[in-house]
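Trainee: After the C-alpha cells below, expect a handful of questions from me.
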Number of protein chains: 2
Amino acid sequence: MSNRNCRIRLGRINRCFRSSVLLLAGLGILAGVALADPLPSWNDGPVKQAIIQFVREVTEKSSPRYVPPEQRIATFDNDGTLWAEQPIYFQGFFAFDRVKAFAPQHPDWKERQPFRAILENDMKALAATGEKGLAEIVMTTHAGMTTGEFEKIVKDWLTTAKHPRFNRLFADLVYQPMLELLAYLRDSGFKTYIVSGGGVEFMRPWTEKVYGIPPEQVVGSSVKLKLEMRDGKPVLIRLPEIDFIDDGPGKPVGIQKFIGRRPIAAFGNSDGDHQMLHWTAAGEGPRFMLLVHHTDAEREWAYDRQSPIGRLDKALDEAQRRGWTVVDMKKDWKKVFPF
Amino acid sequence: MSNRNCRIRLGRINRCFRSSVLLLAGLGILAGVALADPLPSWNDGPVKQAIIQFVREVTEKSSPRYVPPEQRIATFDNDGTLWAEQPIYFQGFFAFDRVKAFAPQHPDWKERQPFRAILENDMKALAATGEKGLAEIVMTTHAGMTTGEFEKIVKDWLTTAKHPRFNRLFADLVYQPMLELLAYLRDSGFKTYIVSGGGVEFMRPWTEKVYGIPPEQVVGSSVKLKLEMRDGKPVLIRLPEIDFIDDGPGKPVGIQKFIGRRPIAAFGNSDGDHQMLHWTAAGEGPRFMLLVHHTDAEREWAYDRQSPIGRLDKALDEAQRRGWTVVDMKKDWKKVFPF
C-alpha cells in the first residue's frame, strides 16, 4: 500500500494513518541499520571495511561465500591482541605479586635467586636468571594448590592489582575496538575462542565477564593436574610440571586438541600467532587473518621487530606477502582502552 | 474475553468466533504441553521421574534450585552410555579393520603378533599379546597420518563397517532413550558434552550428526600432534605417542582441561565413569548422577561386575550408597536402538 493513494475521506483516514506510520517505521528501521555501526571505535578505512565485508560475505545466505554458523569459529590471541602486554605479560605481574605474597613463609628467598630479584624489584638480576629462573617462578606461584584455590587467587588479584603505568586494574587494559569486534562476530553467529600462550586457568576466571568468552572457549598453556581425595572430597591438584605450551606451533595443535575444527578467522599480534594464522589460512573457503600492530606509543605502546615481549617480525612479513589484514593501532583505532 | 459473553448477533459473530478459536487453540497448546513427553522411549517410573524433576528444578526460574544456563553442563560417557560397547569397544573393530586394510603393505604381519591374530580372527591369541599387543595395534592404526587423513578414514569406516551381531552400521547402535535425553537437556538450555575414554578424533567426525554434539564438545583420549609443512601447507601429524587418557581419574582432569567448569549432571555406565560422577557430585548446588546398567541380554547385552569391557562394580556400589540414579535397561527403556 502506497502513501500516494491516501485521500482524506472519513472511511479511509485510519488506513492512511496506518500506512504512514508503517512507512515511517520502515524508514526508521532502515536508517537504524545504516547508522548502527558495529565497530564504533574503529576508524573508517580499509581495515574496518575488510572486517565488515568478510562478516557479510560469510553470513548472508545468498552469498556464494556463505559459511553455516557451526563452522564460524574465530580464534583470538589474548596478550597484545585483546589486552595489553607491556612492559611484561600481565601474568608476569601476577607471578611477581605471588612471590611477594608467599615470601614471609620462605625466609630463604631473600638470599635466593630468582626470588631475591623480585623481592628487590631488580629486573636486571631477574633477567640474568634466564628461562630457568622464570620457569622456577611460574612453577612456584602456579602449582601446588587445587584448581579451586588457584581460581580464587586469580580472581582476588584481578580485582586489586594495578598496572604501574596506568594505575588501573589489569582488566581495564583491554582494547575497546577488540571488545566490539568480539561482540560483532558473536552477533553474526560466530563462536569466539581465546587461543593464548598464557595459562588457561589464569584466564578462565575472568574471560566471561571481561570478553564474553566462557571458560570452555579458552585454550591456553597448562600444568598437569592430578585427582586426589581431600577430606573425602575429590580435588584437582596443580602439579609443577608443564602439560602443554599453547604458543607458536602449539597453537594449531591446541586448536585441534580443544576445538577440533579449523577456525575461519584468526586474530593475533605477534610471531607466536604466526602458525595459528597460517593454519587458519590453509583451510578451504573464506578466511580472515588479522594482526594488531602496536604503533601507538602515546595511547598504548609502539613495538614490533625488536621487542622481547610480543615480537612481531616474521608474521609481519608474512602478512604483507599473503595479504593478511594488519591493524595500525594509531591510525585504525579511535579509542584504545574503554576508560 | 470469555466465551460465555457470546450472543449470536450479526455484529458480534466475528468476535465470538475469534474468541472461540483462541480458547480452543489455548486448550490445544495446554494439552500439547501436558502430552508432549520429552522422553517417550523411557518407561514411566522413578528413573524417568528423577530426570524430569531434576531438569524442572534447575530450569524453572522460580525454583530455589534454579541454575543459570551457562552453568548447565552435562557430560556423557560414550561407550556403553550413548552407544553399545560389546563384544569389544567399537573402536577396537575399527582398529582391526585398519590392520586388515594395511596388511597388503605389511607382508611380515602374517607371521607377526599381534597382527597375525587379527588377520586370522584369533581373539584368543590376540588376548595373549596383552596390553602391549593392543597398544601396538592402536598406535599402528591411529598414528602416522595427518588429522585430516584420519578423519576421512573414520568417516569412511563408519558408513561401511557393520556390527557382527546386528549386521548394522555401528552408528545405528546408539541408544534411542539417550538420544532423547540429550535433546531434552539441550532443549532445557544444557550444553551436552561427551567425556569418553575413546579417541577424541575417532568420535569427532560423527558426533554432531549422530548425537547433535559438535566436535568442540567432545573430550576424549588423544595421541600427540605435531605441526609440519607439506607442500608449503601446514598439517598436523598424529604421532604414535599417547598424549592423554581420558578414563577413570583422567575424566575429572579432562573436564577441567577441556571444559574448565564442573558439570551439574553426569552420565556413565562403568567404573571408568566413577570419578567423573564423583567429581560432579562434589560440586555445590543441584546435581544429577546416572549410571546405565546393562541388564537386557535379549535386546542388547547383560553385564556388570565381571565384564572385561565396561565393568560396573565399584561405581554400582557407590551409586547405591550415594543415591545416584541407576537405569535398569530392561525395565526402564521401552526401546533400546532407534531401528
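Residue numbering restarts at 1 for every chain of the C-alpha cells, chains are lettered A, B, ... in their displayed order, and ligands are numbered from 1 as they appear.
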Residues of chain A no more than 9 Å from chain B, counting only C-alpha atoms: send them over as a PyMOL selection string.

Mentor: chain A and resi 70+147+200-201+204+214-219+222+224-228+233-236+249-250+252-253+256-261+275+278-279+282

Trainee: Could you take the residues named above and write them with N, CA and C atoms, as a tab-separated table (two decimals), in the first residue's frame?

Mentor:
```tsv
chain	number	residue	atom	x	y	z
A	70	GLU	N	27.69	-23.15	12.45
A	70	GLU	CA	28.51	-24.06	13.27
A	70	GLU	C	29.97	-24.04	12.85
A	147	THR	N	42.80	-26.60	41.89
A	147	THR	CA	42.30	-25.71	40.83
A	147	THR	C	41.34	-24.66	41.41
A	200	VAL	N	45.86	-21.24	30.88
A	200	VAL	CA	44.41	-21.35	30.67
A	200	VAL	C	43.66	-21.06	31.96
A	201	GLU	N	44.20	-21.50	33.10
A	201	GLU	CA	43.49	-21.27	34.36
A	201	GLU	C	43.79	-19.89	34.96
A	204	ARG	N	40.66	-18.24	32.50
A	204	ARG	CA	39.25	-18.66	32.61
A	204	ARG	C	38.43	-17.97	33.70
A	214	PRO	N	33.18	-17.70	27.46
A	214	PRO	CA	33.06	-18.62	28.60
A	214	PRO	C	34.30	-19.51	28.74
A	215	PRO	N	34.53	-20.05	29.95
A	215	PRO	CA	35.73	-20.85	30.22
A	215	PRO	C	35.97	-21.95	29.19
A	216	GLU	N	34.89	-22.59	28.71
A	216	GLU	CA	35.06	-23.70	27.78
A	216	GLU	C	35.51	-23.24	26.40
A	217	GLN	N	35.58	-21.93	26.17
A	217	GLN	CA	36.09	-21.43	24.90
A	217	GLN	C	37.45	-20.73	25.08
A	218	VAL	N	38.16	-21.14	26.12
A	218	VAL	CA	39.51	-20.60	26.35
A	218	VAL	C	40.52	-21.75	26.22
A	219	VAL	N	41.46	-21.58	25.29
A	219	VAL	CA	42.55	-22.55	25.10
A	219	VAL	C	43.83	-21.85	25.52
A	222	SER	N	49.12	-24.98	30.00
A	222	SER	CA	48.63	-25.60	31.23
A	222	SER	C	49.70	-26.40	31.95
A	224	LYS	N	50.19	-29.92	34.50
A	224	LYS	CA	49.49	-31.19	34.68
A	224	LYS	C	48.62	-31.11	35.94
A	225	LEU	N	47.53	-31.87	35.90
A	225	LEU	CA	46.61	-31.92	37.03
A	225	LEU	C	46.56	-33.35	37.56
A	226	LYS	N	46.29	-33.47	38.87
A	226	LYS	CA	46.19	-34.80	39.45
A	226	LYS	C	44.98	-34.85	40.37
A	227	LEU	N	44.17	-35.89	40.19
A	227	LEU	CA	42.99	-36.07	41.04
A	227	LEU	C	43.43	-36.67	42.38
A	228	GLU	N	43.00	-36.01	43.47
A	228	GLU	CA	43.32	-36.52	44.82
A	228	GLU	C	42.07	-36.42	45.69
A	233	LYS	N	36.66	-35.67	49.71
A	233	LYS	CA	36.18	-34.99	48.50
A	233	LYS	C	37.26	-35.00	47.43
A	234	PRO	N	36.88	-35.19	46.16
A	234	PRO	CA	37.89	-35.15	45.11
A	234	PRO	C	38.33	-33.71	44.82
A	235	VAL	N	39.64	-33.52	44.69
A	235	VAL	CA	40.17	-32.21	44.27
A	235	VAL	C	41.18	-32.45	43.15
A	236	LEU	N	41.42	-31.41	42.36
A	236	LEU	CA	42.45	-31.48	41.32
A	236	LEU	C	43.62	-30.62	41.75
A	249	PRO	N	53.99	-23.05	17.20
A	249	PRO	CA	53.44	-24.28	16.59
A	249	PRO	C	52.45	-24.98	17.50
A	250	GLY	N	52.45	-24.63	18.80
A	250	GLY	CA	51.47	-25.21	19.72
A	250	GLY	C	50.05	-24.70	19.48
A	252	PRO	N	48.18	-24.24	16.52
A	252	PRO	CA	47.34	-25.17	15.72
A	252	PRO	C	47.08	-26.48	16.45
A	253	VAL	N	48.07	-26.97	17.21
A	253	VAL	CA	47.87	-28.19	17.99
A	253	VAL	C	46.77	-27.97	19.03
A	256	GLN	N	43.35	-27.90	17.42
A	256	GLN	CA	42.87	-29.24	17.06
A	256	GLN	C	42.47	-30.04	18.31
A	257	LYS	N	43.29	-29.94	19.37
A	257	LYS	CA	43.02	-30.69	20.60
A	257	LYS	C	41.72	-30.22	21.27
A	258	PHE	N	41.56	-28.92	21.38
A	258	PHE	CA	40.50	-28.38	22.22
A	258	PHE	C	39.24	-28.01	21.44
A	259	ILE	N	39.39	-27.62	20.19
A	259	ILE	CA	38.22	-27.20	19.42
A	259	ILE	C	37.85	-28.29	18.40
A	260	GLY	N	38.89	-28.85	17.76
A	260	GLY	CA	38.62	-29.93	16.81
A	260	GLY	C	38.08	-29.47	15.47
A	261	ARG	N	38.09	-28.18	15.25
A	261	ARG	CA	37.70	-27.61	13.95
A	261	ARG	C	38.70	-26.51	13.63
A	275	GLN	N	51.78	-19.23	13.31
A	275	GLN	CA	51.29	-20.56	12.89
A	275	GLN	C	49.78	-20.67	12.99
A	278	HIS	N	48.51	-18.99	9.94
A	278	HIS	CA	48.86	-19.81	8.78
A	278	HIS	C	47.92	-21.02	8.69
A	279	TRP	N	47.68	-21.66	9.83
A	279	TRP	CA	46.79	-22.83	9.91
A	279	TRP	C	45.37	-22.45	9.50
A	282	ALA	N	45.13	-21.86	5.74
A	282	ALA	CA	45.29	-23.05	4.89
A	282	ALA	C	44.00	-23.84	4.72
```

Trainee: Just need chain A moved onto chain B: least-squares over all Cα atoms matched in order, then output as a tab-separated table (two decimals) with C-alpha atoms, in the first residue's frame.

Mentor:
```tsv
chain	number	residue	atom	x	y	z
A	1	MET	CA	-12.86	-12.43	27.97
A	2	SER	CA	-14.93	-15.46	28.88
A	3	ASN	CA	-16.99	-17.56	26.51
A	4	ARG	CA	-19.97	-17.39	28.83
A	5	ASN	CA	-20.49	-13.76	27.93
A	6	CYS	CA	-21.24	-14.61	24.33
A	7	ARG	CA	-24.69	-13.70	23.13
A	8	ILE	CA	-25.62	-14.31	19.55
A	9	ARG	CA	-26.12	-10.77	18.41
A	10	LEU	CA	-25.01	-9.55	15.04
A	11	GLY	CA	-22.57	-7.03	16.46
A	12	ARG	CA	-20.94	-9.52	18.75
A	13	ILE	CA	-20.66	-12.59	16.64
A	14	ASN	CA	-17.11	-11.87	15.61
A	15	ARG	CA	-15.99	-11.25	19.13
A	16	CYS	CA	-17.59	-14.46	20.35
A	17	PHE	CA	-16.10	-16.40	17.52
A	18	ARG	CA	-12.63	-15.06	18.25
A	19	SER	CA	-13.02	-15.77	21.92
A	20	SER	CA	-13.98	-19.37	21.20
A	21	VAL	CA	-11.09	-19.84	18.83
A	22	LEU	CA	-8.66	-18.45	21.38
A	23	LEU	CA	-10.06	-20.68	24.08
A	24	LEU	CA	-9.81	-23.77	21.88
A	25	ALA	CA	-6.31	-22.81	20.80
A	26	GLY	CA	-5.36	-22.34	24.43
A	27	LEU	CA	-6.70	-25.75	25.37
A	28	GLY	CA	-4.92	-27.25	22.38
A	29	ILE	CA	-1.61	-25.76	23.46
A	30	LEU	CA	-2.08	-26.95	27.02
A	31	ALA	CA	-2.99	-30.43	25.77
A	32	GLY	CA	0.07	-30.32	23.54
A	33	VAL	CA	2.32	-29.51	26.46
A	34	ALA	CA	0.82	-32.23	28.57
A	35	LEU	CA	1.02	-34.80	25.78
A	36	ALA	CA	4.43	-33.95	24.31
A	37	ASP	CA	6.65	-36.44	26.08
A	38	PRO	CA	10.31	-35.41	25.79
A	39	LEU	CA	11.40	-39.01	26.48
A	40	PRO	CA	8.97	-41.25	24.56
A	41	SER	CA	11.31	-44.29	24.58
A	42	TRP	CA	11.58	-44.24	28.37
A	43	ASN	CA	9.03	-46.23	30.36
A	44	ASP	CA	7.21	-44.28	33.04
A	45	GLY	CA	8.78	-44.86	36.43
A	46	PRO	CA	11.14	-43.36	38.98
A	47	VAL	CA	14.11	-42.99	36.55
A	48	LYS	CA	12.20	-41.03	33.91
A	49	GLN	CA	10.51	-39.04	36.66
A	50	ALA	CA	13.85	-38.17	38.28
A	51	ILE	CA	15.27	-36.89	34.98
A	52	ILE	CA	12.25	-34.71	34.22
A	53	GLN	CA	12.07	-33.40	37.76
A	54	PHE	CA	15.75	-32.41	37.72
A	55	VAL	CA	15.42	-30.62	34.39
A	56	ARG	CA	12.33	-28.73	35.56
A	57	GLU	CA	13.97	-27.72	38.83
A	58	VAL	CA	17.06	-26.23	37.20
A	59	THR	CA	15.27	-24.55	34.28
A	60	GLU	CA	12.16	-22.97	35.82
A	61	LYS	CA	13.06	-19.41	36.72
A	62	SER	CA	10.87	-19.44	39.81
A	63	SER	CA	12.53	-22.60	41.14
A	64	PRO	CA	14.79	-22.22	44.20
A	65	ARG	CA	17.17	-24.65	42.45
A	66	TYR	CA	17.30	-22.66	39.19
A	67	VAL	CA	20.65	-22.82	37.33
A	68	PRO	CA	21.49	-20.19	34.69
A	69	PRO	CA	21.91	-21.66	31.17
A	70	GLU	CA	25.67	-21.06	30.92
A	71	GLN	CA	26.20	-23.38	33.90
A	72	ARG	CA	24.01	-26.17	32.49
A	73	ILE	CA	26.86	-28.45	31.46
A	74	ALA	CA	26.02	-32.15	30.99
A	75	THR	CA	28.73	-34.72	30.28
A	76	PHE	CA	28.13	-38.13	28.73
A	77	ASP	CA	30.41	-41.11	28.50
A	78	ASN	CA	30.18	-42.66	25.02
A	79	ASP	CA	30.91	-46.44	24.98
A	80	GLY	CA	28.07	-48.24	26.76
A	81	THR	CA	26.30	-44.96	27.58
A	82	LEU	CA	25.42	-43.48	24.17
A	83	TRP	CA	26.20	-46.47	21.96
A	84	ALA	CA	26.89	-50.16	22.60
A	85	GLU	CA	30.32	-51.50	23.55
A	86	GLN	CA	30.08	-55.30	23.21
A	87	PRO	CA	31.69	-57.70	22.50
A	88	ILE	CA	34.57	-55.16	22.34
A	89	TYR	CA	34.72	-51.36	22.18
A	90	PHE	CA	33.80	-50.39	18.62
A	91	GLN	CA	37.10	-48.57	18.25
A	92	GLY	CA	38.66	-52.04	18.62
A	93	PHE	CA	36.75	-53.24	15.55
A	94	PHE	CA	38.03	-50.15	13.77
A	95	ALA	CA	41.63	-50.94	14.75
A	96	PHE	CA	41.31	-54.58	13.62
A	97	ASP	CA	39.87	-53.48	10.28
A	98	ARG	CA	42.79	-51.08	9.87
A	99	VAL	CA	45.28	-53.88	10.54
A	100	LYS	CA	43.60	-55.94	7.83
A	101	ALA	CA	43.64	-52.97	5.44
A	102	PHE	CA	47.33	-52.26	6.11
A	103	ALA	CA	48.38	-55.95	6.02
A	104	PRO	CA	49.30	-56.17	2.31
A	105	GLN	CA	51.97	-53.50	2.89
A	106	HIS	CA	53.33	-55.47	5.89
A	107	PRO	CA	53.93	-59.09	4.82
A	108	ASP	CA	55.79	-59.74	8.11
A	109	TRP	CA	52.52	-59.30	10.06
A	110	LYS	CA	51.43	-62.80	8.98
A	111	GLU	CA	54.05	-64.17	11.37
A	112	ARG	CA	54.17	-61.37	13.95
A	113	GLN	CA	51.97	-60.92	17.01
A	114	PRO	CA	49.72	-59.18	17.79
A	115	PHE	CA	49.00	-58.66	14.07
A	116	ARG	CA	48.87	-62.35	13.19
A	117	ALA	CA	46.14	-62.91	15.78
A	118	ILE	CA	43.98	-60.25	14.14
A	119	LEU	CA	44.60	-61.49	10.61
A	120	GLU	CA	43.59	-64.98	11.75
A	121	ASN	CA	40.68	-63.70	13.87
A	122	ASP	CA	42.25	-65.47	16.85
A	123	MET	CA	40.98	-63.41	19.80
A	124	LYS	CA	42.51	-65.80	22.31
A	125	ALA	CA	45.99	-65.28	20.89
A	126	LEU	CA	45.33	-61.55	20.78
A	127	ALA	CA	44.32	-61.48	24.43
A	128	ALA	CA	47.56	-63.32	25.24
A	129	THR	CA	49.57	-60.37	23.86
A	130	GLY	CA	48.11	-58.32	26.71
A	131	GLU	CA	48.08	-54.55	27.04
A	132	LYS	CA	51.36	-54.29	25.19
A	133	GLY	CA	49.87	-56.00	22.16
A	134	LEU	CA	46.78	-53.82	22.18
A	135	ALA	CA	48.87	-50.67	22.57
A	136	GLU	CA	50.95	-51.70	19.55
A	137	ILE	CA	47.80	-52.18	17.49
A	138	VAL	CA	46.38	-48.83	18.53
A	139	MET	CA	49.61	-46.99	17.74
A	140	THR	CA	50.06	-48.75	14.40
A	141	THR	CA	46.51	-48.01	13.30
A	142	HIS	CA	45.96	-44.59	14.86
A	143	ALA	CA	49.25	-42.77	14.24
A	144	GLY	CA	51.61	-41.84	11.43
A	145	MET	CA	49.06	-39.94	9.33
A	146	THR	CA	47.78	-36.36	9.32
A	147	THR	CA	44.68	-35.43	11.31
A	148	GLY	CA	42.87	-34.85	8.01
A	149	GLU	CA	43.79	-38.30	6.69
A	150	PHE	CA	42.69	-39.96	9.93
A	151	GLU	CA	39.36	-38.15	9.83
A	152	LYS	CA	38.70	-39.48	6.35
A	153	ILE	CA	39.63	-43.05	7.37
A	154	VAL	CA	37.20	-42.90	10.31
A	155	LYS	CA	34.38	-41.48	8.18
A	156	ASP	CA	34.87	-44.16	5.51
A	157	TRP	CA	34.92	-46.94	8.09
A	158	LEU	CA	31.79	-45.70	9.79
A	159	THR	CA	29.78	-45.75	6.57
A	160	THR	CA	30.84	-49.29	5.62
A	161	ALA	CA	31.87	-51.49	8.58
A	162	LYS	CA	29.13	-53.52	10.28
A	163	HIS	CA	28.63	-54.93	13.74
A	164	PRO	CA	28.87	-58.75	13.69
A	165	ARG	CA	25.80	-59.43	15.84
A	166	PHE	CA	23.34	-56.98	14.33
A	167	ASN	CA	24.82	-56.69	10.83
A	168	ARG	CA	24.26	-52.95	11.11
A	169	LEU	CA	26.53	-49.92	10.82
A	170	PHE	CA	28.09	-49.18	14.20
A	171	ALA	CA	26.43	-45.75	14.32
A	172	ASP	CA	23.07	-47.56	14.19
A	173	LEU	CA	23.84	-49.06	17.59
A	174	VAL	CA	23.21	-45.82	19.48
A	175	TYR	CA	20.59	-45.84	22.21
A	176	GLN	CA	17.32	-44.20	21.19
A	177	PRO	CA	16.45	-43.23	24.81
A	178	MET	CA	19.80	-41.48	25.17
A	179	LEU	CA	19.32	-39.58	21.88
A	180	GLU	CA	16.04	-38.32	23.31
A	181	LEU	CA	17.74	-37.40	26.58
A	182	LEU	CA	20.47	-35.45	24.74
A	183	ALA	CA	17.86	-33.53	22.74
A	184	TYR	CA	15.71	-32.91	25.82
A	185	LEU	CA	18.67	-31.46	27.73
A	186	ARG	CA	19.69	-29.25	24.80
A	187	ASP	CA	16.10	-28.05	24.39
A	188	SER	CA	16.30	-27.16	28.09
A	189	GLY	CA	19.37	-24.97	27.56
A	190	PHE	CA	22.03	-27.53	28.44
A	191	LYS	CA	25.34	-27.81	26.61
A	192	THR	CA	25.90	-31.53	26.04
A	193	TYR	CA	29.45	-32.91	26.03
A	194	ILE	CA	30.97	-36.31	25.41
A	195	VAL	CA	33.69	-37.22	27.94
A	196	SER	CA	34.91	-40.62	26.82
A	197	GLY	CA	37.90	-42.90	27.16
A	198	GLY	CA	37.67	-43.40	23.39
A	199	GLY	CA	39.90	-41.50	20.98
A	200	VAL	CA	38.76	-37.92	20.55
A	201	GLU	CA	39.57	-37.95	16.83
A	202	PHE	CA	37.81	-41.29	16.43
A	203	MET	CA	34.61	-39.65	17.70
A	204	ARG	CA	34.66	-36.10	16.37
A	205	PRO	CA	34.05	-36.96	12.68
A	206	TRP	CA	30.55	-38.29	13.41
A	207	THR	CA	29.26	-37.08	16.81
A	208	GLU	CA	27.55	-34.02	15.34
A	209	LYS	CA	25.57	-36.05	12.83
A	210	VAL	CA	24.79	-38.96	15.17
A	211	TYR	CA	24.30	-37.22	18.54
A	212	GLY	CA	24.02	-33.52	17.66
A	213	ILE	CA	27.25	-32.92	19.59
A	214	PRO	CA	29.76	-30.73	17.69
A	215	PRO	CA	33.50	-31.63	17.62
A	216	GLU	CA	34.37	-28.88	20.11
A	217	GLN	CA	32.15	-30.56	22.70
A	218	VAL	CA	33.92	-33.92	22.51
A	219	VAL	CA	36.56	-34.74	25.14
A	220	GLY	CA	38.49	-37.98	24.74
A	221	SER	CA	41.82	-39.75	24.80
A	222	SER	CA	44.45	-38.50	22.38
A	223	VAL	CA	47.86	-39.04	20.83
A	224	LYS	CA	50.41	-36.25	20.58
A	225	LEU	CA	50.28	-34.04	17.50
A	226	LYS	CA	53.12	-32.35	15.67
A	227	LEU	CA	52.93	-29.43	13.25
A	228	GLU	CA	54.85	-30.08	10.02
A	229	MET	CA	55.07	-28.49	6.60
A	230	ARG	CA	54.14	-30.64	3.61
A	231	ASP	CA	54.32	-29.08	0.12
A	232	GLY	CA	54.37	-25.64	1.73
A	233	LYS	CA	51.21	-26.36	3.72
A	234	PRO	CA	50.98	-26.92	7.48
A	235	VAL	CA	49.70	-30.34	8.56
A	236	LEU	CA	49.29	-31.98	11.96
A	237	ILE	CA	50.86	-35.42	12.24
A	238	ARG	CA	49.45	-37.97	14.68
A	239	LEU	CA	52.44	-39.31	16.66
A	240	PRO	CA	52.61	-42.86	18.11
A	241	GLU	CA	52.68	-41.47	21.63
A	242	ILE	CA	49.82	-41.13	24.12
A	243	ASP	CA	49.01	-37.54	25.05
A	244	PHE	CA	46.07	-38.01	27.40
A	245	ILE	CA	43.94	-40.89	28.70
A	246	ASP	CA	40.45	-39.64	29.40
A	247	ASP	CA	39.29	-42.48	31.63
A	248	GLY	CA	38.71	-43.02	35.35
A	249	PRO	CA	40.61	-40.29	37.26
A	250	GLY	CA	41.40	-38.78	33.84
A	251	LYS	CA	37.76	-37.77	33.32
A	252	PRO	CA	37.64	-34.97	35.93
A	253	VAL	CA	41.05	-33.87	34.62
A	254	GLY	CA	39.72	-33.87	31.03
A	255	ILE	CA	36.63	-31.93	32.11
A	256	GLN	CA	38.78	-29.28	33.78
A	257	LYS	CA	41.27	-29.12	30.88
A	258	PHE	CA	38.76	-28.98	28.05
A	259	ILE	CA	35.60	-27.50	29.53
A	260	GLY	CA	36.90	-25.60	32.54
A	261	ARG	CA	33.58	-25.85	34.38
A	262	ARG	CA	32.17	-28.60	36.55
A	263	PRO	CA	29.13	-30.34	35.00
A	264	ILE	CA	25.82	-30.28	36.87
A	265	ALA	CA	24.79	-33.58	35.28
A	266	ALA	CA	26.87	-36.61	34.31
A	267	PHE	CA	25.93	-39.86	32.60
A	268	GLY	CA	27.99	-43.04	32.46
A	269	ASN	CA	27.77	-46.81	32.64
A	270	SER	CA	30.98	-48.20	34.10
A	271	ASP	CA	33.68	-47.88	36.75
A	272	GLY	CA	35.58	-45.70	34.27
A	273	ASP	CA	32.87	-43.08	34.83
A	274	HIS	CA	32.94	-43.33	38.61
A	275	GLN	CA	35.26	-40.34	39.15
A	276	MET	CA	33.36	-38.19	36.63
A	277	LEU	CA	30.12	-38.77	38.52
A	278	HIS	CA	31.85	-38.24	41.84
A	279	TRP	CA	33.42	-34.97	40.59
A	280	THR	CA	30.04	-33.80	39.32
A	281	ALA	CA	28.30	-34.72	42.58
A	282	ALA	CA	30.89	-32.79	44.64
A	283	GLY	CA	29.87	-29.43	43.16
A	284	GLU	CA	27.48	-27.07	44.88
A	285	GLY	CA	23.83	-26.76	43.92
A	286	PRO	CA	21.54	-29.21	42.13
A	287	ARG	CA	23.24	-32.23	40.58
A	288	PHE	CA	22.19	-35.25	38.58
A	289	MET	CA	24.23	-38.45	38.26
A	290	LEU	CA	23.06	-41.42	36.21
A	291	LEU	CA	24.45	-44.86	35.37
A	292	VAL	CA	23.14	-47.05	32.56
A	293	HIS	CA	22.99	-50.64	33.84
A	294	HIS	CA	23.10	-53.16	30.99
A	295	THR	CA	20.43	-55.69	31.98
A	296	ASP	CA	18.92	-56.70	28.66
A	297	ALA	CA	20.65	-59.69	27.07
A	298	GLU	CA	17.86	-60.07	24.56
A	299	ARG	CA	17.70	-56.62	23.02
A	300	GLU	CA	21.29	-55.64	23.84
A	301	TRP	CA	23.66	-57.24	26.40
A	302	ALA	CA	23.54	-57.99	30.14
A	303	TYR	CA	26.78	-57.40	32.05
A	304	ASP	CA	28.18	-55.57	35.05
A	305	ARG	CA	30.60	-56.63	37.81
A	306	GLN	CA	32.45	-59.36	35.89
A	307	SER	CA	32.64	-57.85	32.42
A	308	PRO	CA	36.11	-57.10	31.04
A	309	ILE	CA	34.48	-54.42	28.85
A	310	GLY	CA	32.50	-51.72	30.64
A	311	ARG	CA	32.82	-53.28	34.10
A	312	LEU	CA	30.26	-51.78	36.49
A	313	ASP	CA	31.17	-52.74	40.03
A	314	LYS	CA	32.43	-50.03	42.38
A	315	ALA	CA	30.35	-47.33	40.68
A	316	LEU	CA	27.22	-49.46	41.13
A	317	ASP	CA	27.85	-49.75	44.87
A	318	GLU	CA	28.55	-46.03	45.03
A	319	ALA	CA	25.34	-45.24	43.13
A	320	GLN	CA	23.34	-47.23	45.67
A	321	ARG	CA	25.12	-45.59	48.60
A	322	ARG	CA	24.77	-42.04	47.24
A	323	GLY	CA	21.37	-42.29	45.62
A	324	TRP	CA	22.56	-41.79	42.05
A	325	THR	CA	20.03	-42.76	39.40
A	326	VAL	CA	20.52	-46.21	37.86
A	327	VAL	CA	18.82	-47.10	34.58
A	328	ASP	CA	17.67	-50.71	34.37
A	329	MET	CA	17.88	-50.99	30.59
A	330	LYS	CA	15.40	-53.87	30.40
A	331	LYS	CA	12.82	-52.19	32.60
A	332	ASP	CA	13.31	-48.50	31.88
A	333	TRP	CA	13.76	-48.48	28.11
A	334	LYS	CA	10.84	-49.11	25.77
A	335	LYS	CA	13.21	-49.29	22.88
A	336	VAL	CA	16.99	-49.73	22.80
A	337	PHE	CA	18.15	-48.92	19.27
A	338	PRO	CA	16.46	-46.59	16.78
A	339	PHE	CA	15.97	-49.39	14.21
```

Trainee: Would you give me, as a list of chain:residue names, the residues in range 246-324 of chain B that DSSP reads as strand (DSSP E)?

Mentor: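 The residues of range 246-324 of chain B classed as strand (DSSP E) are B:Ala265, B:Ala266, B:Phe267, B:Gly268, B:Phe288, B:Met289, B:Leu290, B:Leu291, B:Val292, B:His293, B:His294, B:Thr295, B:Ala302, B:Tyr303.
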
Trainee: Based on the backbone DSSP call, show me all residues of range 91-159 of chain B assigned helix (DSSP H, G or I), as a PyMOL selection string.

Mentor: chain B and resi 91-105+107-110+115-119+123-128+130-142+147-158
